[in-house]
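Data file: work_18.txt. Format and content: compact mmCIF, C-alpha atoms.
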```txt
# COMPACT_ATOMS: atom_id res chain seq x y z
CA MET A 280 25.94 -44.09 -39.49
CA GLN A 281 25.31 -47.26 -41.53
CA ALA A 282 26.47 -46.73 -45.11
CA VAL A 283 24.17 -48.06 -47.82
CA THR A 284 25.96 -49.99 -50.57
CA ASN A 285 24.82 -49.41 -54.13
CA THR A 286 26.05 -50.04 -57.63
CA VAL A 287 25.31 -47.53 -60.32
CA SER A 288 26.65 -48.58 -63.71
CA LEU A 289 26.83 -46.63 -66.94
CA ARG A 290 27.94 -48.64 -69.96
CA GLY A 291 28.63 -46.71 -73.14
CA ALA A 292 25.86 -44.27 -72.23
CA SER A 293 25.33 -41.43 -74.70
CA VAL A 294 22.65 -38.76 -74.86
CA ALA A 295 21.86 -36.84 -78.03
CA VAL A 296 18.99 -34.44 -78.69
CA PRO A 297 17.52 -33.47 -82.07
CA VAL A 298 18.26 -29.95 -83.30
CA ASP A 299 17.40 -28.10 -86.50
CA HIS A 300 13.91 -29.72 -86.69
CA GLY A 301 15.37 -33.21 -86.25
CA HIS A 302 17.78 -32.97 -89.17
CA GLU A 303 20.79 -33.09 -86.89
CA TYR A 304 21.62 -34.34 -83.41
CA LYS A 305 23.57 -32.59 -80.71
CA THR A 306 25.53 -34.86 -78.37
CA LEU A 307 25.13 -33.91 -74.70
CA LEU A 308 27.01 -36.91 -73.33
CA ALA A 309 29.25 -39.26 -75.30
CA ASP A 310 30.06 -42.87 -74.49
CA ILE A 311 30.19 -42.69 -70.69
CA SER A 312 31.23 -45.84 -68.86
CA LEU A 313 31.40 -45.67 -65.07
CA GLU A 314 30.82 -47.74 -61.94
CA LEU A 315 29.70 -45.49 -59.09
CA THR A 316 30.12 -47.30 -55.79
CA GLU A 317 31.65 -44.64 -53.51
CA GLN A 318 29.48 -42.99 -50.86
CA ARG A 319 30.27 -39.40 -51.90
CA ILE A 320 30.79 -38.51 -55.54
CA ALA A 321 31.02 -34.98 -56.96
CA VAL A 322 30.61 -34.02 -60.59
CA ILE A 323 32.21 -30.73 -61.63
CA GLY A 324 32.50 -28.92 -64.93
CA ALA A 325 31.57 -25.75 -66.78
CA ASN A 326 27.99 -24.68 -67.49
CA GLY A 327 26.62 -26.70 -70.38
CA SER A 328 29.30 -29.39 -70.05
CA GLY A 329 26.76 -32.19 -69.44
CA LYS A 330 26.76 -32.45 -65.62
CA SER A 331 22.99 -32.15 -65.23
CA THR A 332 22.35 -34.61 -68.07
CA LEU A 333 24.70 -37.10 -66.41
CA LEU A 334 22.82 -36.77 -63.10
CA ARG A 335 19.42 -37.03 -64.82
CA LEU A 336 20.55 -40.34 -66.32
CA LEU A 337 20.93 -41.77 -62.83
CA ASN A 338 17.24 -41.71 -61.92
CA GLY A 339 15.83 -42.10 -65.40
CA LEU A 340 14.72 -38.50 -65.92
CA VAL A 341 16.77 -38.75 -69.10
CA ALA A 342 17.12 -42.06 -70.94
CA PRO A 343 20.36 -42.82 -72.77
CA THR A 344 20.02 -42.73 -76.56
CA SER A 345 22.60 -45.51 -76.68
CA GLY A 346 24.22 -47.67 -74.02
CA THR A 347 22.67 -48.56 -70.64
CA VAL A 348 22.40 -47.15 -67.14
CA THR A 349 21.55 -49.50 -64.27
CA VAL A 350 20.98 -48.82 -60.58
CA ASN A 351 21.36 -51.86 -58.35
CA GLY A 352 20.54 -54.01 -61.37
CA TYR A 353 17.49 -52.01 -62.55
CA ASP A 354 17.68 -50.47 -66.00
CA THR A 355 16.72 -46.78 -65.78
CA ALA A 356 15.03 -46.85 -69.19
CA ARG A 357 12.99 -50.04 -68.55
CA ASP A 358 12.37 -49.98 -64.79
CA GLY A 359 11.92 -46.24 -64.25
CA GLY A 360 9.52 -46.60 -61.31
CA LYS A 361 11.79 -49.00 -59.41
CA VAL A 362 14.84 -46.83 -60.08
CA ARG A 363 13.08 -43.67 -58.85
CA SER A 364 11.98 -45.40 -55.67
CA GLN A 365 15.70 -45.95 -54.96
CA VAL A 366 17.15 -42.70 -56.29
CA GLY A 367 15.98 -39.37 -54.85
CA PHE A 368 16.65 -36.26 -56.91
CA VAL A 369 17.09 -32.71 -55.60
CA PHE A 370 16.95 -29.85 -58.12
CA THR A 371 18.96 -26.61 -58.07
CA ASP A 372 15.88 -24.47 -57.48
CA PRO A 373 13.74 -25.90 -54.68
CA LEU A 374 10.73 -23.93 -55.91
CA SER A 375 10.67 -26.16 -59.01
CA GLN A 376 10.50 -29.14 -56.73
CA LEU A 377 8.21 -28.21 -53.86
CA VAL A 378 4.73 -28.94 -55.18
CA MET A 379 2.59 -28.09 -52.16
CA PRO A 380 1.95 -24.72 -50.45
CA THR A 381 3.76 -25.68 -47.22
CA GLY A 382 6.70 -27.92 -46.35
CA ARG A 383 4.62 -30.25 -44.19
CA GLU A 384 2.15 -30.83 -47.01
CA ASP A 385 4.98 -31.43 -49.46
CA VAL A 386 6.64 -34.04 -47.25
CA GLU A 387 3.22 -35.70 -46.80
CA LEU A 388 2.78 -35.70 -50.58
CA SER A 389 6.08 -37.58 -50.96
CA LEU A 390 4.82 -40.18 -48.49
CA ARG A 391 1.44 -40.74 -50.19
CA ARG A 392 2.71 -43.66 -52.28
CA SER A 393 4.31 -45.53 -49.40
CA ILE A 394 1.93 -44.79 -46.48
CA ARG A 395 -1.82 -45.03 -47.13
CA SER A 396 -3.06 -44.07 -43.66
CA GLY A 397 -3.40 -40.30 -43.23
CA ALA A 398 -2.52 -40.41 -39.51
CA GLU A 399 0.61 -42.51 -40.09
CA ARG A 400 1.62 -40.25 -42.96
CA ARG A 401 1.28 -37.16 -40.76
CA ALA A 402 3.37 -38.79 -38.04
CA ALA A 403 6.07 -39.85 -40.52
CA ALA A 404 6.18 -36.34 -42.01
CA GLU A 405 6.50 -34.88 -38.51
CA ARG A 406 9.45 -37.19 -37.76
CA THR A 407 11.22 -36.24 -41.01
CA LEU A 408 10.75 -32.51 -40.40
CA GLU A 409 11.96 -32.87 -36.83
CA ARG A 410 15.05 -34.77 -37.97
CA PHE A 411 16.07 -31.84 -40.17
CA GLY A 412 15.10 -29.19 -37.60
CA LEU A 413 12.35 -27.93 -39.92
CA LEU A 414 9.34 -28.47 -37.68
CA PRO A 415 8.99 -24.74 -36.77
CA LEU A 416 8.83 -23.91 -40.50
CA ALA A 417 6.54 -26.80 -41.46
CA ASP A 418 3.33 -24.75 -41.82
CA GLN A 419 4.85 -21.64 -43.41
CA SER A 420 4.22 -20.95 -47.08
CA ILE A 421 7.19 -22.19 -49.13
CA TYR A 422 7.36 -18.66 -50.60
CA GLU A 423 8.02 -17.24 -47.12
CA LEU A 424 11.04 -19.48 -46.49
CA SER A 425 14.62 -18.38 -47.20
CA GLY A 426 16.55 -20.06 -50.02
CA GLY A 427 18.41 -22.30 -47.58
CA GLU A 428 15.26 -23.29 -45.70
CA ARG A 429 13.55 -24.14 -48.99
CA GLN A 430 16.50 -26.24 -50.12
CA LEU A 431 16.49 -28.14 -46.82
CA MET A 432 12.71 -28.58 -47.11
CA ALA A 433 13.12 -30.01 -50.64
CA LEU A 434 15.85 -32.31 -49.33
CA ALA A 435 13.61 -33.44 -46.44
CA ALA A 436 10.74 -34.17 -48.85
CA VAL A 437 13.01 -36.36 -50.96
CA LEU A 438 14.64 -38.12 -48.00
CA SER A 439 11.29 -38.79 -46.29
CA VAL A 440 10.80 -41.84 -48.53
CA ASN A 441 14.27 -43.07 -47.60
CA PRO A 442 15.91 -43.49 -51.01
CA ARG A 443 19.15 -45.52 -51.19
CA ILE A 444 20.85 -42.94 -53.39
CA LEU A 445 20.56 -39.16 -53.35
CA VAL A 446 21.34 -37.18 -56.49
CA LEU A 447 21.64 -33.40 -56.17
CA ASP A 448 21.95 -31.04 -59.13
CA GLU A 449 23.96 -27.99 -58.01
CA PRO A 450 22.24 -27.85 -54.61
CA SER A 451 24.29 -24.93 -53.26
CA THR A 452 24.12 -22.59 -56.26
CA LEU A 453 21.35 -20.37 -54.83
CA LEU A 454 22.58 -20.46 -51.23
CA ASP A 455 24.52 -17.95 -49.15
CA LEU A 456 27.60 -18.98 -47.18
CA ARG A 457 25.73 -19.94 -44.01
CA ASN A 458 23.13 -22.03 -45.79
CA ARG A 459 25.82 -23.61 -47.94
CA GLU A 460 27.62 -24.72 -44.78
CA LEU A 461 24.34 -26.00 -43.32
CA LEU A 462 23.68 -28.03 -46.46
CA ARG A 463 27.23 -29.37 -46.43
CA ARG A 464 26.86 -30.59 -42.85
CA THR A 465 23.46 -32.12 -43.57
CA LEU A 466 24.82 -34.03 -46.57
CA ALA A 467 27.82 -35.21 -44.54
CA GLY A 468 25.48 -36.81 -42.00
CA LEU A 469 23.41 -38.83 -44.47
CA GLU A 470 23.62 -42.59 -44.72
CA GLN A 471 22.65 -42.50 -48.41
CA GLN A 472 25.09 -42.65 -51.29
CA VAL A 473 25.32 -39.04 -52.54
CA VAL A 474 26.09 -38.01 -56.11
CA LEU A 475 26.06 -34.26 -56.68
CA SER A 476 27.06 -31.75 -59.29
CA THR A 477 28.45 -28.46 -58.06
CA HIS A 478 30.38 -25.29 -58.79
CA ASP A 479 31.29 -25.13 -55.10
CA LEU A 480 34.80 -26.59 -55.15
CA GLU A 481 34.90 -26.91 -51.33
CA LEU A 482 31.85 -29.16 -51.53
CA ALA A 483 33.56 -31.16 -54.28
CA LEU A 484 36.63 -31.61 -52.08
CA ASP A 485 34.42 -33.29 -49.44
CA ALA A 486 33.75 -36.15 -51.89
CA GLU A 487 35.64 -39.42 -52.13
CA ARG A 488 35.67 -39.28 -55.91
CA VAL A 489 35.40 -36.45 -58.40
CA LEU A 490 34.33 -36.62 -62.04
CA VAL A 491 35.23 -33.69 -64.28
CA VAL A 492 32.90 -33.29 -67.25
CA ASP A 493 33.87 -31.27 -70.30
CA ALA A 494 31.93 -31.09 -73.57
CA GLY A 495 29.92 -34.20 -72.77
CA ARG A 496 32.89 -36.38 -71.82
CA ILE A 497 34.47 -37.44 -68.54
CA VAL A 498 37.94 -35.94 -68.73
CA PHE A 499 38.97 -36.82 -65.18
CA ASP A 500 37.85 -39.48 -62.72
CA GLY A 501 39.60 -39.87 -59.39
CA ASP A 502 41.02 -38.03 -56.40
CA PRO A 503 39.04 -34.84 -55.51
CA ALA A 504 42.08 -32.55 -55.09
CA GLU A 505 43.49 -33.61 -58.46
CA GLY A 506 40.05 -33.31 -60.05
CA VAL A 507 39.57 -29.76 -58.80
CA GLU A 508 43.05 -28.86 -60.08
CA ARG A 509 42.21 -30.36 -63.47
CA TYR A 510 38.97 -28.37 -63.60
CA ARG A 511 40.83 -25.15 -62.75
CA SER A 512 43.35 -25.72 -65.53
CA LEU A 513 40.52 -26.46 -67.99
CA CYS A 514 38.85 -23.16 -67.04
CA GLU A 515 42.08 -21.20 -67.38
CA ALA A 516 42.81 -22.76 -70.77
CA SER A 517 39.36 -21.73 -72.03
CA LEU A 518 39.76 -18.06 -71.07
CA PRO A 519 40.35 -15.63 -73.96
CA MET B 44 8.65 -15.17 -58.83
CA ARG B 45 5.74 -14.10 -56.68
CA GLY B 46 3.59 -16.92 -55.53
CA HIS B 47 1.37 -15.39 -52.92
CA GLY B 48 -1.69 -14.53 -54.96
CA PHE B 49 -4.25 -17.27 -54.43
CA LEU B 50 -7.86 -17.53 -55.50
CA LEU B 51 -8.75 -19.76 -52.54
CA ALA B 52 -7.71 -19.35 -48.91
CA ASN B 53 -4.91 -21.60 -47.59
CA TYR B 54 -5.60 -23.97 -44.72
CA VAL B 55 -5.77 -22.32 -41.29
CA PRO B 56 -5.21 -24.79 -38.42
CA GLY B 57 -8.03 -24.74 -35.86
CA SER B 58 -10.71 -26.74 -34.07
CA SER B 59 -13.84 -24.75 -34.98
CA LEU B 60 -17.14 -26.44 -35.83
CA ILE B 61 -16.30 -25.89 -39.50
CA HIS B 62 -12.95 -27.66 -39.06
CA ARG B 63 -14.71 -30.58 -37.40
CA THR B 64 -17.43 -30.88 -40.04
CA PRO B 65 -16.93 -34.10 -42.04
CA LEU B 66 -15.27 -33.62 -45.42
CA TRP B 67 -18.13 -35.33 -47.28
CA LEU B 68 -20.58 -32.76 -45.91
CA LYS B 69 -18.35 -29.90 -47.06
CA PHE B 70 -18.14 -31.48 -50.52
CA VAL B 71 -21.96 -31.84 -50.62
CA VAL B 72 -22.51 -28.20 -49.57
CA LEU B 73 -20.06 -27.05 -52.23
CA ALA B 74 -21.78 -29.18 -54.87
CA VAL B 75 -25.19 -27.80 -53.80
CA CYS B 76 -23.84 -24.23 -54.18
CA GLY B 77 -22.71 -25.05 -57.71
CA VAL B 78 -26.03 -26.63 -58.72
CA ALA B 79 -28.10 -23.91 -57.00
CA SER B 80 -26.38 -21.24 -59.09
CA PHE B 81 -28.15 -22.71 -62.14
CA VAL B 82 -31.49 -23.32 -60.41
CA VAL B 83 -32.16 -20.29 -58.19
CA VAL B 84 -33.67 -17.39 -60.13
CA ASP B 85 -33.94 -14.81 -57.35
CA TRP B 86 -30.94 -12.59 -56.47
CA VAL B 87 -31.93 -12.33 -52.78
CA VAL B 88 -31.25 -16.02 -52.03
CA PRO B 89 -27.60 -16.00 -53.24
CA ALA B 90 -27.11 -12.63 -51.48
CA ILE B 91 -28.22 -14.20 -48.17
CA ALA B 92 -26.15 -17.34 -48.90
CA LEU B 93 -23.10 -15.13 -49.53
CA GLY B 94 -23.59 -13.50 -46.12
CA VAL B 95 -23.91 -16.91 -44.45
CA PHE B 96 -20.77 -18.29 -46.12
CA CYS B 97 -18.80 -15.16 -45.22
CA LEU B 98 -19.82 -15.73 -41.58
CA LEU B 99 -18.83 -19.41 -41.83
CA PHE B 100 -15.48 -18.37 -43.28
CA LEU B 101 -14.88 -16.01 -40.37
CA CYS B 102 -15.83 -18.84 -37.97
CA THR B 103 -12.80 -20.81 -39.27
CA GLY B 104 -10.59 -18.09 -37.78
CA ALA B 105 -9.09 -17.23 -41.16
CA GLY B 106 -9.96 -13.54 -40.75
CA VAL B 107 -11.31 -10.75 -42.91
CA ARG B 108 -8.02 -10.16 -44.76
CA ARG B 109 -7.85 -13.72 -46.03
CA LEU B 110 -11.50 -13.53 -47.04
CA ALA B 111 -10.80 -10.33 -48.95
CA SER B 112 -7.71 -11.80 -50.62
CA ALA B 113 -9.70 -14.89 -51.67
CA VAL B 114 -12.47 -12.79 -53.22
CA TRP B 115 -10.43 -9.87 -54.57
CA PRO B 116 -8.94 -11.60 -57.69
CA VAL B 117 -12.43 -12.31 -59.12
CA ILE B 118 -13.84 -8.82 -58.53
CA PRO B 119 -12.59 -7.23 -61.81
CA VAL B 120 -14.00 -10.15 -63.85
CA LEU B 121 -17.30 -10.07 -61.93
CA ALA B 122 -17.55 -6.30 -62.36
CA ALA B 123 -17.21 -6.70 -66.14
CA ILE B 124 -19.70 -9.60 -66.26
CA GLY B 125 -22.13 -7.77 -63.95
CA ALA B 126 -22.01 -4.58 -66.02
CA PHE B 127 -22.62 -6.51 -69.24
CA GLN B 128 -25.52 -8.49 -67.75
CA TRP B 129 -27.05 -5.33 -66.32
CA TRP B 130 -26.96 -3.72 -69.75
CA GLN B 131 -28.35 -6.83 -71.47
CA LEU B 132 -30.75 -8.38 -68.95
CA GLY B 133 -31.22 -5.86 -66.14
CA GLY B 134 -30.07 -5.40 -62.55
CA PRO B 135 -31.68 -8.44 -60.84
CA VAL B 136 -30.13 -10.93 -63.30
CA ALA B 137 -26.73 -9.26 -63.04
CA ALA B 138 -26.91 -9.34 -59.22
CA ARG B 139 -27.97 -13.02 -59.25
CA ILE B 140 -25.02 -14.05 -61.45
CA VAL B 141 -22.45 -12.05 -59.49
CA PHE B 142 -23.74 -13.27 -56.10
CA ASN B 143 -23.84 -16.89 -57.30
CA VAL B 144 -20.20 -16.80 -58.40
CA LEU B 145 -19.18 -15.15 -55.13
CA VAL B 146 -21.07 -17.80 -53.14
CA CYS B 147 -19.13 -20.55 -54.95
CA VAL B 148 -15.77 -18.79 -54.38
CA VAL B 149 -16.42 -18.17 -50.68
CA ALA B 150 -17.84 -21.70 -50.14
CA ALA B 151 -14.72 -23.18 -51.78
CA SER B 152 -12.58 -20.93 -49.57
CA VAL B 153 -14.40 -22.20 -46.46
CA LEU B 154 -13.51 -25.74 -47.58
CA THR B 155 -9.82 -25.01 -48.23
CA ALA B 156 -9.42 -22.82 -45.12
CA SER B 157 -10.81 -25.51 -42.82
CA THR B 158 -9.38 -28.67 -44.44
CA PRO B 159 -5.70 -29.66 -44.59
CA VAL B 160 -4.63 -30.25 -48.19
CA GLN B 161 -3.70 -33.87 -47.52
CA VAL B 162 -7.19 -34.56 -46.10
CA LEU B 163 -8.65 -32.90 -49.18
CA LEU B 164 -6.48 -35.10 -51.41
CA ASP B 165 -7.49 -38.22 -49.44
CA GLY B 166 -11.12 -37.20 -49.99
CA VAL B 167 -10.61 -36.72 -53.74
CA ALA B 168 -8.80 -40.08 -53.95
CA SER B 169 -11.74 -41.74 -52.09
CA LEU B 170 -14.25 -40.14 -54.47
CA ALA B 171 -12.26 -41.44 -57.44
CA ARG B 172 -11.85 -44.96 -56.02
CA PRO B 173 -15.00 -46.40 -57.70
CA PHE B 174 -13.42 -45.52 -61.07
CA ARG B 175 -10.51 -47.86 -60.36
CA ARG B 176 -12.45 -50.71 -62.01
CA PHE B 177 -12.30 -48.71 -65.25
CA GLY B 178 -8.52 -48.39 -64.98
CA ALA B 179 -8.41 -44.95 -63.29
CA ASP B 180 -5.77 -44.32 -60.62
CA PRO B 181 -7.34 -42.44 -57.63
CA GLU B 182 -3.93 -41.13 -56.55
CA ARG B 183 -3.55 -39.42 -59.91
CA PHE B 184 -6.84 -37.61 -59.34
CA ALA B 185 -5.48 -36.39 -56.00
CA LEU B 186 -2.19 -35.41 -57.60
CA THR B 187 -4.03 -33.43 -60.26
CA ILE B 188 -5.79 -31.44 -57.53
CA ALA B 189 -2.46 -30.90 -55.76
CA VAL B 190 -0.84 -29.60 -58.95
CA MET B 191 -3.87 -27.36 -59.62
CA LEU B 192 -3.69 -25.90 -56.10
CA ARG B 193 -0.03 -25.11 -56.65
CA SER B 194 -0.43 -23.74 -60.16
CA ILE B 195 -3.06 -21.08 -59.43
CA PRO B 196 -0.80 -18.94 -57.19
CA PHE B 197 2.13 -19.46 -59.53
CA ILE B 198 0.24 -18.23 -62.58
CA ALA B 199 -1.20 -15.30 -60.61
CA GLY B 200 2.39 -14.47 -59.56
CA ALA B 201 3.59 -14.76 -63.18
CA PHE B 202 0.95 -12.24 -64.30
CA ALA B 203 2.07 -9.81 -61.58
CA ASP B 204 5.79 -10.22 -62.44
CA VAL B 205 5.22 -9.79 -66.16
CA ARG B 206 3.01 -6.72 -65.58
CA ASP B 207 5.78 -5.14 -63.48
CA SER B 208 8.52 -5.88 -66.01
CA ALA B 209 6.32 -4.54 -68.85
CA ARG B 210 5.79 -1.38 -66.80
CA ALA B 211 9.53 -1.05 -66.15
CA ARG B 212 10.13 -1.12 -69.91
CA GLY B 213 7.26 1.27 -70.65
CA LEU B 214 5.26 -1.47 -72.36
CA GLU B 215 2.29 -1.59 -69.98
CA HIS B 216 -0.17 -0.95 -72.85
CA ASN B 217 1.32 -3.61 -75.11
CA PRO B 218 -0.83 -6.77 -74.77
CA ARG B 219 1.88 -8.93 -76.35
CA ALA B 220 4.44 -7.83 -73.75
CA ARG B 221 1.96 -8.65 -70.97
CA VAL B 222 0.55 -11.98 -72.21
CA LEU B 223 3.27 -13.78 -74.19
CA PRO B 224 5.83 -13.97 -71.33
CA VAL B 225 3.12 -15.41 -69.04
CA PHE B 226 2.46 -18.18 -71.58
CA ILE B 227 6.18 -18.94 -71.89
CA THR B 228 6.71 -18.87 -68.11
CA THR B 229 3.67 -21.09 -67.55
CA VAL B 230 4.78 -23.68 -70.11
CA ALA B 231 8.28 -23.74 -68.61
CA TYR B 232 6.72 -24.09 -65.15
CA ALA B 233 4.53 -26.99 -66.33
CA ARG B 234 7.62 -28.77 -67.69
CA GLN B 235 9.53 -28.18 -64.44
CA THR B 236 6.62 -29.43 -62.34
CA GLY B 237 6.29 -32.53 -64.52
CA GLU B 238 9.99 -33.22 -64.16
CA ALA B 239 9.87 -32.68 -60.39
CA LEU B 240 6.92 -35.07 -60.03
CA ALA B 241 8.62 -37.66 -62.24
CA ALA B 242 11.85 -37.36 -60.24
CA ARG B 243 9.92 -38.13 -57.04
CA GLY B 244 8.06 -41.03 -58.64
CA LEU B 245 4.72 -39.27 -58.02
CA GLY B 246 1.91 -40.18 -60.39
CA GLU B 247 3.54 -43.44 -61.40
CA PRO B 248 1.34 -46.55 -61.34
CA ASP B 249 1.31 -48.52 -58.10
CA GLY B 250 3.66 -51.46 -57.94
CA ASP B 251 5.91 -50.17 -60.68
```

This structure in C-alpha cells:
Amino acid sequence: MQAVTNTVSLRGASVAVPVDHGHEYKTLLADISLELTEQRIAVIGANGSGKSTLLRLLNGLVAPTSGTVTVNGYDTARDGGKVRSQVGFVFTDPLSQLVMPTGREDVELSLRRSIRSGAERRAAAERTLERFGLLPLADQSIYELSGGERQLMALAAVLSVNPRILVLDEPSTLLDLRNRELLRRTLAGLEQQVVLSTHDLELALDAERVLVVDAGRIVFDGDPAEGVERYRSLCEASLP
Amino acid sequence: MRGHGFLLANYVPGSSLIHRTPLWLKFVVLAVCGVASFVVVDWVVPAIALGVFCLLFLCTGAGVRRLASAVWPVIPVLAAIGAFQWWQLGGPVAARIVFNVLVCVVAASVLTASTPVQVLLDGVASLARPFRRFGADPERFALTIAVMLRSIPFIAGAFADVRDSARARGLEHNPRARVLPVFITTVAYARQTGEALAARGLGEPDGD
C-alpha cells in the first residue's frame, strides 16, 4: 500500500454562528491551529463538542469565520472546488449521501465529472464496486441494503474518484458490531489519509494520532491511548 | 424513513425492443404524449394510447406490479379531478383528461423502466448542451434530474411516515399534524442533499 502524503493546516481557525436573530454569536470552534500529516487521525469528543464542525472545515463544507484552513496549499474558503476534489467526505447517515436509487448509479454519478464517456464510466464504477465486494448489491435499491452495506456503498462512491484525503463523520455510529468491524478493516486497507470522528474508542485506538475536542477547543492532541484516557476522564468529570 | 414509493418505475435491466430503442425516440414519444394531451379532443384516442403504453411497459419485463405501483399514487388525485370534471363538463371530457394524464405517467414509466438513469442523465445533458453558449452548465441540468428522481420517493415516504405517526398519536384528522412535519422533513432533506452534493463536488463548475 502506497501512502499518500498530504498537509492539512489549520491556522487560528474559528467558527461562530449567529444566534438570537444575529444579535449574538455562538462559537462552535475557537482558535484551532493544527498540522495534520499523519495517515490515520481520529477526533473524539462529546456530542456537540465541535467534532463535526472541525471535519467540515477540512473540505470546505464550513468556512472558518476567522483564521485559515488549507489542504495541500489550497485554501478551503477560496479554492473550494479544488479542495473537494482532493478531500472525500463520508457522512454518518449514508442515506443523506447516496443520491441515486441504486449503488451502481450513485458511483457512476460520482464519476460524471471526471469521466465523460458513459461506457468508461460504467467500467470504472464496476471496478470500484468489485474492489469493495459490492458488485452483487450494485443494482439493489439503496433502501433495501443493510446499514453496513449502505455505509460501504457511500464509501465506495466517495473513493471512486480517488481523493487524496478521506474525512468520515462518525462512520460507525449506525452500524452493528459485524459491520463496524468490516468498516474498520476497509479503512485500514486504504492508501488515503483518513481523518475521522467517532464515539467508537476501539476505532480511535487504531489511529496514529487522536484529537480530543471539548467545547470547541482541542484539549488533547497526541497518542491515541492517552487521548482516549483523557476523553474518559472528561466524561466522568461531567457526570452529575 | 420509507423510500420505496415512487411515481415512476425504476430501471429494469433487459434487452427488449423498448430497451434498444434510441433515447431520442423515447424522448420524442414522451413529448408527443404531452402535446397530444392538449390537442386531442376525443377520449377514445387516449384510452387506446393508454392500452398501447401499458403493453409497451409490460414488454420491458417490468411486470404488472411495477405498472400498478407506478400508476397507483396518481389514482386518488385523478379520481377527484375526474369526478369534478364529470360534474362540470360531462363524462367524455372527464374521461379524456384522466386518460391523458395516465398516458403521460405510463409513457414516462416506460422511459424510466427501460433506460438506465445514467443514460437518461447523459441524454438530458446532451439536450442542454446548446445552452452552454448562454452560460448554462449541462451537467447541472442532469444533476437536477437526478435530485428530482431521488426526491420523489423520499417525499412520498415522508408522507407515509408522518401519516403513521399522526395515527399513532390519534391525530389522523389533524391536517397540521399531517402536513407540517412533511414540510420540515423535506426542508431538512433538501439541506442534507445539498450538503452531500457539495461534499462530493457535484454541481460545481468545470475546471474549478

Residue among B:Thr158, B:Ser169, B:Ser208, B:Asn53 lying closest to Pro224 of chain B, counting only C-alpha atoms: B:Ser208

Selected residue of minimal separation from Gly360 of chain A among A:Ile311, A:Val492, A:Ile323, A:Arg392, counting all atoms listed in the file: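 Smallest separation from Gly360 of chain A among the options: A:Arg392.
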
Specify as a ChimeraX atom specification all residues of chain A found within 7 Å of chain B, counting only C-alpha atoms. /A:340,360-361,363-364,367-368,375-376,378-380,384,422

Atoms kept (C-alpha atoms) for selection, written as a PDB file, in the coordinates of the input:
```pdb
ATOM      1  CA  LEU A 340      14.720 -38.500 -65.920  1.00  0.00           C
ATOM      2  CA  GLY A 360       9.520 -46.600 -61.310  1.00  0.00           C
ATOM      3  CA  LYS A 361      11.790 -49.000 -59.410  1.00  0.00           C
ATOM      4  CA  ARG A 363      13.080 -43.670 -58.850  1.00  0.00           C
ATOM      5  CA  SER A 364      11.980 -45.400 -55.670  1.00  0.00           C
ATOM      6  CA  GLY A 367      15.980 -39.370 -54.850  1.00  0.00           C
ATOM      7  CA  PHE A 368      16.650 -36.260 -56.910  1.00  0.00           C
ATOM      8  CA  SER A 375      10.670 -26.160 -59.010  1.00  0.00           C
ATOM      9  CA  GLN A 376      10.500 -29.140 -56.730  1.00  0.00           C
ATOM     10  CA  VAL A 378       4.730 -28.940 -55.180  1.00  0.00           C
ATOM     11  CA  MET A 379       2.590 -28.090 -52.160  1.00  0.00           C
ATOM     12  CA  PRO A 380       1.950 -24.720 -50.450  1.00  0.00           C
ATOM     13  CA  GLU A 384       2.150 -30.830 -47.010  1.00  0.00           C
ATOM     14  CA  TYR A 422       7.360 -18.660 -50.600  1.00  0.00           C
TER      15      TYR A 422
END
```

Exercise: segment 424-438 of chain A partners within 6 Å, only C-alpha atoms, chain neighbours under 2 positions left out, as a PyMOL selection string: chain A and resi 367+373+386+421-422+440-441+454+458

Suppose you want the space between atom CA of Ser345 of chain A and atom CA of Ser293 of chain A; what is it in Å?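 Going from atom CA of Ser345 of chain A over to atom CA of Ser293 of chain A covers 5.3 Å.
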
For a cut-off of 9 Å around (37.6, -31.1, -51.9), file coordinates, pick out all residues using only C-alpha atoms and list them as a compact mmCIF listing (two decimals) with C-alpha atoms, keeping the file's coordinate frame.
```txt
# COMPACT_ATOMS: atom_id res chain seq x y z
CA LEU A 480 34.80 -26.59 -55.15
CA GLU A 481 34.90 -26.91 -51.33
CA LEU A 482 31.85 -29.16 -51.53
CA ALA A 483 33.56 -31.16 -54.28
CA LEU A 484 36.63 -31.61 -52.08
CA ASP A 485 34.42 -33.29 -49.44
CA ALA A 486 33.75 -36.15 -51.89
CA GLU A 487 35.64 -39.42 -52.13
CA VAL A 489 35.40 -36.45 -58.40
CA ASP A 502 41.02 -38.03 -56.40
CA PRO A 503 39.04 -34.84 -55.51
CA ALA A 504 42.08 -32.55 -55.09
CA GLY A 506 40.05 -33.31 -60.05
CA VAL A 507 39.57 -29.76 -58.80
```

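Atom CA of Asn326 of chain A to atom CA of Asn285 of chain A spans 28.3 Å [interatomic distance, one decimal].
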
From B:Cys147, B:Leu170, B:Ser152, B:Leu93, residue lying nearest Ala74 of chain B [all atoms listed in the file]: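 Counting all atoms listed in the file, the residue closest to Ala74 of chain B is B:Cys147.
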
How far is it from atom CA of Ala113 of chain B to atom CA of Leu101 of chain B, in Å with one decimal? 12.5 Å
